[in-house]
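Structure first, commentary second.
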Amino acid sequence: MDQLGGSARRLNRHNAEVKALAVMLHPSQVIDAKALAVPSMRVVTRPCSRS
């Protein structure tokens with residue numbers, strides 16, 4: 001996530017007219033303890049299975 005966050009921050013810093021939104025497609029709904037979440041980031045996951 002840090003690479004994704006860095007890209008969004010860099011885009012926002014160098015292009016004032018652009019507001020980047022970080023979006024990640026990922027199978028897990030749980031963030032790793034070492035991950036750095038990006039403010040306003042969106043994560044698209046698989047639907048939860050219902051039993």
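Chain labels follow the order of the structure tokens: the first chain is A, the next B, and so on; residue numbering restarts at 1 in every chain, and ligands are counted from 1 in their shown order.
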Can you pull out the residues contacting stretch 6-19 of chain A? Cut-off 12 Å, using only C-alpha atoms, and skip same-chain residues under 4 positions away; I want them as a tab-separated table (two decimals) with all heavy atoms, in the first residue's frame.
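Final file, selection13.tsv:
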```tsv
chain	number	residue	atom	x	y	z
A	1	MET	N	0.81	-1.19	0.00
A	1	MET	CA	0.00	0.00	0.00
A	1	MET	C	0.85	1.26	0.00
A	1	MET	O	0.41	2.29	-0.45
A	1	MET	CB	-0.95	0.01	1.19
A	1	MET	CG	-2.09	-0.98	1.02
A	1	MET	SD	-3.50	-0.71	2.07
A	1	MET	CE	-2.83	-0.85	3.68
A	2	ASP	N	2.06	1.15	0.53
A	2	ASP	CA	2.91	2.34	0.55
A	2	ASP	C	3.26	2.79	-0.87
A	2	ASP	O	3.33	3.98	-1.14
A	2	ASP	CB	4.17	2.10	1.38
A	2	ASP	CG	4.94	3.40	1.58
A	2	ASP	OD1	4.30	4.40	1.95
A	2	ASP	OD2	6.15	3.40	1.36
A	23	VAL	N	-7.00	3.49	-5.28
A	23	VAL	CA	-7.93	2.36	-5.32
A	23	VAL	C	-7.12	1.09	-5.47
A	23	VAL	O	-6.25	0.99	-6.33
A	23	VAL	CB	-8.93	2.49	-6.50
A	23	VAL	CG1	-9.85	1.29	-6.56
A	23	VAL	CG2	-9.73	3.77	-6.38
A	24	MET	N	-7.41	0.10	-4.63
A	24	MET	CA	-6.70	-1.18	-4.68
A	24	MET	C	-7.72	-2.31	-4.81
A	24	MET	O	-8.74	-2.32	-4.13
A	24	MET	CB	-5.89	-1.38	-3.40
A	24	MET	CG	-5.19	-2.72	-3.33
A	24	MET	SD	-4.31	-2.98	-1.78
A	24	MET	CE	-2.89	-1.95	-2.05
A	36	LEU	N	0.70	0.65	5.56
A	36	LEU	CA	0.38	2.06	5.79
A	36	LEU	C	-0.85	2.41	4.96
A	36	LEU	O	-0.76	2.50	3.74
A	36	LEU	CB	1.55	2.96	5.36
A	36	LEU	CG	2.87	2.72	6.09
A	36	LEU	CD1	3.98	3.53	5.44
A	36	LEU	CD2	2.73	3.08	7.55
A	37	ALA	N	-1.97	2.58	5.62
A	37	ALA	CA	-3.20	2.91	4.91
A	37	ALA	C	-3.12	4.34	4.37
A	37	ALA	O	-2.56	5.22	5.01
A	37	ALA	CB	-4.39	2.76	5.82
A	38	VAL	N	-3.67	4.54	3.20
A	38	VAL	CA	-3.68	5.84	2.55
A	38	VAL	C	-4.99	6.53	2.90
A	38	VAL	O	-6.06	5.94	2.74
A	38	VAL	CB	-3.56	5.67	1.02
A	38	VAL	CG1	-3.63	6.99	0.30
A	38	VAL	CG2	-2.29	4.92	0.67
A	39	PRO	N	-4.95	7.78	3.40
A	39	PRO	CA	-6.20	8.48	3.70
A	39	PRO	C	-7.12	8.51	2.48
A	39	PRO	O	-6.67	8.75	1.37
A	39	PRO	CB	-5.75	9.89	4.08
A	39	PRO	CG	-4.34	9.71	4.54
A	39	PRO	CD	-3.78	8.60	3.70
A	40	SER	N	-8.38	8.25	2.68
A	40	SER	CA	-9.44	8.23	1.66
A	40	SER	C	-9.25	7.13	0.61
A	40	SER	O	-9.92	7.13	-0.41
A	40	SER	CB	-9.61	9.59	0.98
A	40	SER	OG	-8.54	9.87	0.11
A	41	MET	N	-8.37	6.18	0.87
A	41	MET	CA	-8.14	5.06	-0.04
A	41	MET	C	-9.38	4.17	-0.10
A	41	MET	O	-10.09	4.01	0.88
A	41	MET	CB	-6.95	4.23	0.46
A	41	MET	CG	-6.67	3.01	-0.33
A	41	MET	SD	-5.25	2.18	0.43
A	41	MET	CE	-5.16	0.75	-0.59
```
Based on DSSP run over this structure's backbone, return all residues of stretch 1-30 of chain A in alpha helix (DSSP H), as a count of residues only.
-> 13
A straight line from atom CA of A:Gln3 to atom CA of A:Lys34 spans 13.2 Å
Leaving out A:Gln29 and any residue of its chain fewer than 6 positions from it, which residues lie within 12 Å of it when counting only C-alpha atoms, given as a list in words?
-> Arg42, Val43, Val44, Thr45, Arg46, Pro47 and Cys48 of chain A
Check the DSSP output for the backbone and give back, as a list of chain:residue names, the residues of chain A in strand (DSSP E).
-> A:Val23, A:Met24, A:Leu25, A:Arg42, A:Val43, A:Val44
Preceding selection exported with all heavy atoms as a compact mmCIF listing (two decimals), in the first residue's frame:
```txt
# COMPACT_ATOMS: atom_id res chain seq x y z
N VAL A 23 -7.00 3.49 -5.28
CA VAL A 23 -7.93 2.36 -5.32
C VAL A 23 -7.12 1.09 -5.47
O VAL A 23 -6.25 0.99 -6.33
CB VAL A 23 -8.93 2.49 -6.50
CG1 VAL A 23 -9.85 1.29 -6.56
CG2 VAL A 23 -9.73 3.77 -6.38
N MET A 24 -7.41 0.10 -4.63
CA MET A 24 -6.70 -1.18 -4.68
C MET A 24 -7.72 -2.31 -4.81
O MET A 24 -8.74 -2.32 -4.13
CB MET A 24 -5.89 -1.38 -3.40
CG MET A 24 -5.19 -2.72 -3.33
SD MET A 24 -4.31 -2.98 -1.78
CE MET A 24 -2.89 -1.95 -2.05
N LEU A 25 -7.44 -3.25 -5.69
CA LEU A 25 -8.23 -4.48 -5.79
C LEU A 25 -7.47 -5.55 -5.03
O LEU A 25 -6.30 -5.81 -5.33
CB LEU A 25 -8.39 -4.90 -7.25
CG LEU A 25 -9.03 -3.86 -8.17
CD1 LEU A 25 -9.05 -4.38 -9.59
CD2 LEU A 25 -10.41 -3.48 -7.71
N ARG A 42 -9.63 3.59 -1.25
CA ARG A 42 -10.72 2.64 -1.43
C ARG A 42 -10.12 1.28 -1.76
O ARG A 42 -9.19 1.18 -2.56
CB ARG A 42 -11.64 3.07 -2.57
CG ARG A 42 -12.26 4.44 -2.38
CD ARG A 42 -13.25 4.41 -1.22
NE ARG A 42 -13.90 5.69 -1.08
CZ ARG A 42 -13.63 6.57 -0.13
NH1 ARG A 42 -12.70 6.32 0.76
NH2 ARG A 42 -14.30 7.69 -0.06
N VAL A 43 -10.67 0.24 -1.12
CA VAL A 43 -10.22 -1.12 -1.38
C VAL A 43 -11.42 -1.93 -1.85
O VAL A 43 -12.45 -1.96 -1.18
CB VAL A 43 -9.60 -1.79 -0.13
CG1 VAL A 43 -9.14 -3.21 -0.44
CG2 VAL A 43 -8.45 -0.95 0.40
N VAL A 44 -11.30 -2.55 -3.00
CA VAL A 44 -12.36 -3.39 -3.56
C VAL A 44 -11.97 -4.84 -3.28
O VAL A 44 -10.88 -5.28 -3.66
CB VAL A 44 -12.51 -3.16 -5.07
CG1 VAL A 44 -13.60 -4.05 -5.65
CG2 VAL A 44 -12.80 -1.69 -5.36
```
